[in-house]
Amino acid sequence: MTRQAPAAAARNRPGGTEHIGIIGGGILGIALARHLVRRQRGQVTVLEKERRLAAHQTGHNSGVVHAGLYYPEGSLKARLCVEGREATRDYCRARGLPYREVGKLVVAVTDAERGALAEIERRSRLNGVPGLERIEDPARLREIEPHVAGVAALHSPHTAVVDYAAITEAMAQDVRAGGGSVLMGHEVTDIRLEGGRARVVTPVSEHVVDRLVVCAGLQSDVVARMVGADPSPRILPFRGEYWSLAPERADLVRGMVYPVPDPRFPFLGVHFTRGVYDDVHVGPNAVPALAREGYRWRDVSVRDTLGSLRWPGALPLARQHWRMGVHEIVGSVAKRAYVAQARRFIPELRPADLAARATAGVRAQAWARDGALVDDFAVDRLGPVTVLRNAPSPAATSAMAIARYVAEEFVFGIGEESARLS
Ligand SMILES: Cc1cc2nc3c(=O)[nH]c(=O)nc-3n(C[C@H](O)[C@H](O)[C@H](O)COP(=O)(O)OP(=O)(O)OC[C@H]3O[C@@H](n4cnc5c(N)ncnc54)[C@H](O)[C@@H]3O)c2cc1C
């Protein structure tokens, strides 16, 4: 991956006349467009392949505004989640969008989980998670969540829930009001680098831009390959399936209840979330999807599946995680197995309480050639093109902070020497 030579200072200054293209109308593409428009960084055009915004990960997630509990100190996730939580809260307040601090418990069910819980607490304190409380007393645990059973817990009272699709729509209005364009139904099929600029081709339009940022989520590696970027990391789609709790059982949780996650795996485990509209859902699990945008088992893409099976990282990943994979697939097809995961910390849960399957989401998880699942956010640059290569959870929480970081460190090259962190 080559570094872009810093552009002339005159072209970087606010009020610049450059044309900046952004691929992807999820929360990251739109947050970046808003950041650039507000700072008058040039003419901004967002190209989204679907007919609506937030059609993939942004519109199919848990809606949690994470407070920064899990992330290793010094990581981009740790830095940008904390900054992004505050920016999201302030934005929702300013725009009158719902933002509810329902709070979150992470529950250790056995003494064996105390060590992992202590590590989460250590990281949380280093990351500056506000109001964190360690709970050892069962009476205190029941005061917060009366139906939870556990030997110890961490409580994060400021973990919140929002509607990320509504936030994305509101930010897109800001972009348009500031003179930017957000074009739907514009699927980018080719990108040609021409004399330091990029020609971006869709079936209905062509755009020559001075700088291009790829925020294409599940397709980020596919689009990266259009500009000759390294195929690694590849995107491995992991579906997260949810169940809705029957309304008459919604009082099983007041806020959010999470297990202690398996530290070998980049997902948080099946949990309970009281959503911003008061619906309670259980999930998501993590099963390999058979298509990048495969929301059901019957959504199969031969190209995506064969591509994953042929990836050099396939065998090392299978060797390392096959037990977890089998466990998740069994939970996906057998409701009782799914309930068993969630009943560990809410023992009163019965299969009948999971009333209906809710819409699933598919995570864009970056997967390296050696089989490793990339944990931190990752950004690459090739000439005038910047590509977000890994933006999994908590990237929705962090969106406004990622936008600032990508604009300053990559698009306009400030702090260039330390910028390539993927
Ligand atoms: C099940 C699940 C639960 C999650 N829970 C949370 C949570 O509670 N809190 C949190 O902070 N994060 C959560 N996340 C993560 C979060 O949703 C994502 O990190 C975030 O939405 C990523 O935003 P994005 O804009 O990068 O991707 P996306 O929202 O996927 O947007 C990418 C866009 O690019 C478009 N695109 C792709 N290819 C092209 C092309 N060739 N031309 C034009 N457009 C293209 C797509 O159509 C899509 O709209 C969750 C994710 C999942 C799947």
# chains A, B, ... in the order shown; residues from 1 in each chain; ligands from 1

call {"tool": "residues_around", "arguments": {"residues": "segment 23-39 of chain A", "least_positions_apart": "2", "cutoff": "9 Å", "atoms": "only C-alpha atoms", "output": "ChimeraX atom specification"}}
result
/A:14-15,20-21,41-50,52-59,164-165,167-169,171-172,174-176,178-180,182-184,187-188,212-217,223,391,395-396,398-404,406-407

call {"tool": "residues_around", "arguments": {"residues": "Arg125 of chain A", "least_positions_apart": "4", "cutoff": "12 Å", "atoms": "only C-alpha atoms", "output": "number ranges by chain"}}
result
A: 67-73, 78, 82, 118-121, 129-134, 154, 156

call {"tool": "atom_distance", "arguments": {"atom1": "atom CA of Arg264 of chain A", "atom2": "atom CA of Met324 of chain A"}}
result
10.0 Å

call {"tool": "residues_around", "arguments": {"residues": "Val411 of chain A", "least_positions_apart": "6", "cutoff": "8 Å", "atoms": "only C-alpha atoms", "output": "list in words"}}
result
Arg211, Val213, Pro384 and Thr386 of chain A

call {"tool": "closest_residue", "arguments": {"among": "A:Trp311, A:Tyr242, A:Phe377, A:Phe272", "to": "Arg357 of chain A", "atoms": "only C-alpha atoms"}}
result
A:Tyr242

call {"tool": "closest_residue", "arguments": {"among": "A:Val302, A:Gln365, A:Ala246, A:Pro312", "to": "Phe265 of chain A", "atoms": "only C-alpha atoms"}}
result
A:Gln365

call {"tool": "atom_distance", "arguments": {"atom1": "atom CA of Ala372 of chain A", "atom2": "atom 30 (O, counted along the ligand's line) of ligand 1"}}
result
21.2 Å

call {"tool": "select_by_dssp", "arguments": {"residues": "segment 170-215 of chain A", "states": "strand (DSSP E or B)", "output": "list in words"}}
result
Ser181, Val182, Leu183, Met184, Asp190, Ile191, Arg192, Leu193, Glu194, Arg197, Ala198, Arg199, Val200, Val201, Thr202, Ser205, Glu206, His207, Val208, Val209, Arg211, Leu212, Val213 and Val214 of chain A

call {"tool": "closest_residue", "arguments": {"among": "A:Asp304, A:Glu206, A:Glu136, A:Asp190", "to": "Gly228 of chain A", "atoms": "only C-alpha atoms"}}
result
A:Asp190

call {"tool": "residues_around", "arguments": {"residues": "Val148 of chain A", "least_positions_apart": "2", "cutoff": "8 Å", "atoms": "only C-alpha atoms", "output": "PyMOL selection string"}}
result
chain A and resi 141-142+145-146+150+345-347

call {"tool": "select_by_dssp", "arguments": {"residues": "segment 42-78 of chain A", "states": "helix (DSSP H, G or I)", "output": "count of residues only"}}
result
6

call {"tool": "closest_residue", "arguments": {"among": "A:Leu315, A:Ala368, A:Val151, A:Val161", "to": "ligand 1", "atoms": "only C-alpha atoms and all ligand atoms"}}
result
A:Val161

call {"tool": "residues_around", "arguments": {"residues": "Arg254 of chain A", "least_positions_apart": "6", "cutoff": "9 Å", "atoms": "only C-alpha atoms", "output": "list in words"}}
result
Val102, Gly103, Ile144, Glu145, Pro146, Thr273 and Arg274 of chain A

call {"tool": "write_last_selection", "arguments": {"atoms": "all heavy atoms", "output": "compact mmCIF listing (two decimals), in the first residue's frame"}}
result
# COMPACT_ATOMS: atom_id res chain seq x y z
N VAL A 102 -30.32 3.33 28.93
CA VAL A 102 -31.00 2.28 29.68
C VAL A 102 -30.00 1.48 30.52
O VAL A 102 -30.40 0.73 31.41
CB VAL A 102 -31.79 1.32 28.75
CG1 VAL A 102 -32.92 2.04 28.06
CG2 VAL A 102 -30.89 0.65 27.73
N GLY A 103 -28.71 1.65 30.28
CA GLY A 103 -27.68 0.99 31.10
C GLY A 103 -27.47 -0.46 30.72
O GLY A 103 -28.34 -1.11 30.13
N ILE A 144 -30.72 -3.77 40.19
CA ILE A 144 -30.57 -3.22 38.83
C ILE A 144 -31.40 -4.04 37.83
O ILE A 144 -32.13 -3.49 37.03
CB ILE A 144 -29.09 -3.17 38.42
CG1 ILE A 144 -28.32 -2.24 39.36
CG2 ILE A 144 -28.93 -2.69 36.97
CD1 ILE A 144 -26.83 -2.27 39.18
N GLU A 145 -31.25 -5.35 37.89
CA GLU A 145 -31.97 -6.24 36.96
C GLU A 145 -32.54 -7.41 37.79
O GLU A 145 -31.85 -8.40 38.05
CB GLU A 145 -31.02 -6.78 35.87
CG GLU A 145 -30.63 -5.76 34.82
CD GLU A 145 -31.76 -5.43 33.82
OE1 GLU A 145 -32.84 -6.03 33.92
OE2 GLU A 145 -31.52 -4.56 32.94
N PRO A 146 -33.79 -7.33 38.19
CA PRO A 146 -34.36 -8.30 39.14
C PRO A 146 -34.33 -9.75 38.67
O PRO A 146 -34.36 -10.66 39.50
CB PRO A 146 -35.81 -7.83 39.31
CG PRO A 146 -35.81 -6.41 38.89
CD PRO A 146 -34.73 -6.25 37.88
N THR A 273 -31.41 -6.80 24.87
CA THR A 273 -31.35 -5.35 24.68
C THR A 273 -32.77 -4.78 24.67
O THR A 273 -33.60 -5.23 23.88
CB THR A 273 -30.67 -4.98 23.34
OG1 THR A 273 -29.40 -5.61 23.28
CG2 THR A 273 -30.48 -3.47 23.21
N ARG A 274 -32.99 -3.82 25.54
CA ARG A 274 -34.25 -3.06 25.45
C ARG A 274 -34.01 -1.92 24.47
O ARG A 274 -33.19 -1.04 24.72
CB ARG A 274 -34.66 -2.52 26.84
CG ARG A 274 -35.95 -1.72 26.81
CD ARG A 274 -36.43 -1.38 28.23
NE ARG A 274 -36.91 -2.58 28.91
CZ ARG A 274 -38.13 -3.10 28.79
NH1 ARG A 274 -39.02 -2.53 27.99
NH2 ARG A 274 -38.47 -4.17 29.46

call {"tool": "atom_distance", "arguments": {"atom1": "atom CA of Glu113 of chain A", "atom2": "atom CA of His321 of chain A"}}
result
19.7 Å

call {"tool": "residues_around", "arguments": {"residues": "segment 333-340 of chain A", "least_positions_apart": "4", "cutoff": "8 Å", "atoms": "only C-alpha atoms", "output": "ChimeraX atom specification"}}
result
/A:329,344,349-351

call {"tool": "write_last_selection", "arguments": {"atoms": "all heavy atoms", "output": "PDB file, in the first residue's frame"}}
result
ATOM      1  N   ILE A 329     -24.029 -22.527  15.018  1.00  0.00           N
ATOM      2  CA  ILE A 329     -24.945 -23.029  13.984  1.00  0.00           C
ATOM      3  C   ILE A 329     -26.080 -23.824  14.645  1.00  0.00           C
ATOM      4  O   ILE A 329     -27.253 -23.681  14.290  1.00  0.00           O
ATOM      5  CB  ILE A 329     -24.182 -23.870  12.940  1.00  0.00           C
ATOM      6  CG1 ILE A 329     -23.290 -22.930  12.115  1.00  0.00           C
ATOM      7  CG2 ILE A 329     -25.140 -24.630  12.013  1.00  0.00           C
ATOM      8  CD1 ILE A 329     -22.261 -23.611  11.244  1.00  0.00           C
ATOM      9  N   ARG A 344     -28.546 -18.783  30.650  1.00  0.00           N
ATOM     10  CA  ARG A 344     -27.458 -18.865  31.635  1.00  0.00           C
ATOM     11  C   ARG A 344     -27.566 -17.721  32.635  1.00  0.00           C
ATOM     12  O   ARG A 344     -27.327 -17.897  33.812  1.00  0.00           O
ATOM     13  CB  ARG A 344     -26.093 -18.792  30.938  1.00  0.00           C
ATOM     14  CG  ARG A 344     -25.732 -20.052  30.175  1.00  0.00           C
ATOM     15  CD  ARG A 344     -24.344 -19.957  29.592  1.00  0.00           C
ATOM     16  NE  ARG A 344     -23.302 -19.977  30.608  1.00  0.00           N
ATOM     17  CZ  ARG A 344     -22.392 -19.020  30.774  1.00  0.00           C
ATOM     18  NH1 ARG A 344     -22.383 -17.955  29.996  1.00  0.00           N
ATOM     19  NH2 ARG A 344     -21.475 -19.123  31.716  1.00  0.00           N
ATOM     20  N   LEU A 349     -36.049 -17.503  31.649  1.00  0.00           N
ATOM     21  CA  LEU A 349     -36.389 -17.479  30.216  1.00  0.00           C
ATOM     22  C   LEU A 349     -36.840 -18.863  29.745  1.00  0.00           C
ATOM     23  O   LEU A 349     -36.186 -19.869  30.015  1.00  0.00           O
ATOM     24  CB  LEU A 349     -35.162 -17.034  29.403  1.00  0.00           C
ATOM     25  CG  LEU A 349     -35.419 -16.829  27.916  1.00  0.00           C
ATOM     26  CD1 LEU A 349     -36.156 -15.512  27.680  1.00  0.00           C
ATOM     27  CD2 LEU A 349     -34.103 -16.838  27.123  1.00  0.00           C
ATOM     28  N   ARG A 350     -37.964 -18.894  29.036  1.00  0.00           N
ATOM     29  CA  ARG A 350     -38.474 -20.158  28.474  1.00  0.00           C
ATOM     30  C   ARG A 350     -38.529 -20.025  26.952  1.00  0.00           C
ATOM     31  O   ARG A 350     -38.665 -18.904  26.430  1.00  0.00           O
ATOM     32  CB  ARG A 350     -39.891 -20.428  28.988  1.00  0.00           C
ATOM     33  CG  ARG A 350     -39.992 -20.563  30.499  1.00  0.00           C
ATOM     34  CD  ARG A 350     -41.437 -20.595  30.901  1.00  0.00           C
ATOM     35  NE  ARG A 350     -42.206 -19.552  30.212  1.00  0.00           N
ATOM     36  CZ  ARG A 350     -43.158 -18.817  30.760  1.00  0.00           C
ATOM     37  NH1 ARG A 350     -43.490 -18.998  32.004  1.00  0.00           N
ATOM     38  NH2 ARG A 350     -43.819 -17.901  30.061  1.00  0.00           N
ATOM     39  N   PRO A 351     -38.485 -21.163  26.236  1.00  0.00           N
ATOM     40  CA  PRO A 351     -38.535 -21.073  24.769  1.00  0.00           C
ATOM     41  C   PRO A 351     -39.729 -20.252  24.278  1.00  0.00           C
ATOM     42  O   PRO A 351     -39.604 -19.479  23.326  1.00  0.00           O
ATOM     43  CB  PRO A 351     -38.627 -22.534  24.325  1.00  0.00           C
ATOM     44  CG  PRO A 351     -37.946 -23.293  25.410  1.00  0.00           C
ATOM     45  CD  PRO A 351     -38.255 -22.554  26.687  1.00  0.00           C
TER      46      PRO A 351
END

call {"tool": "closest_residue", "arguments": {"among": "A:Leu354, A:Ala152, A:Ile235, A:Ala177", "to": "ligand 1", "atoms": "only C-alpha atoms and all ligand atoms"}}
result
A:Ile235
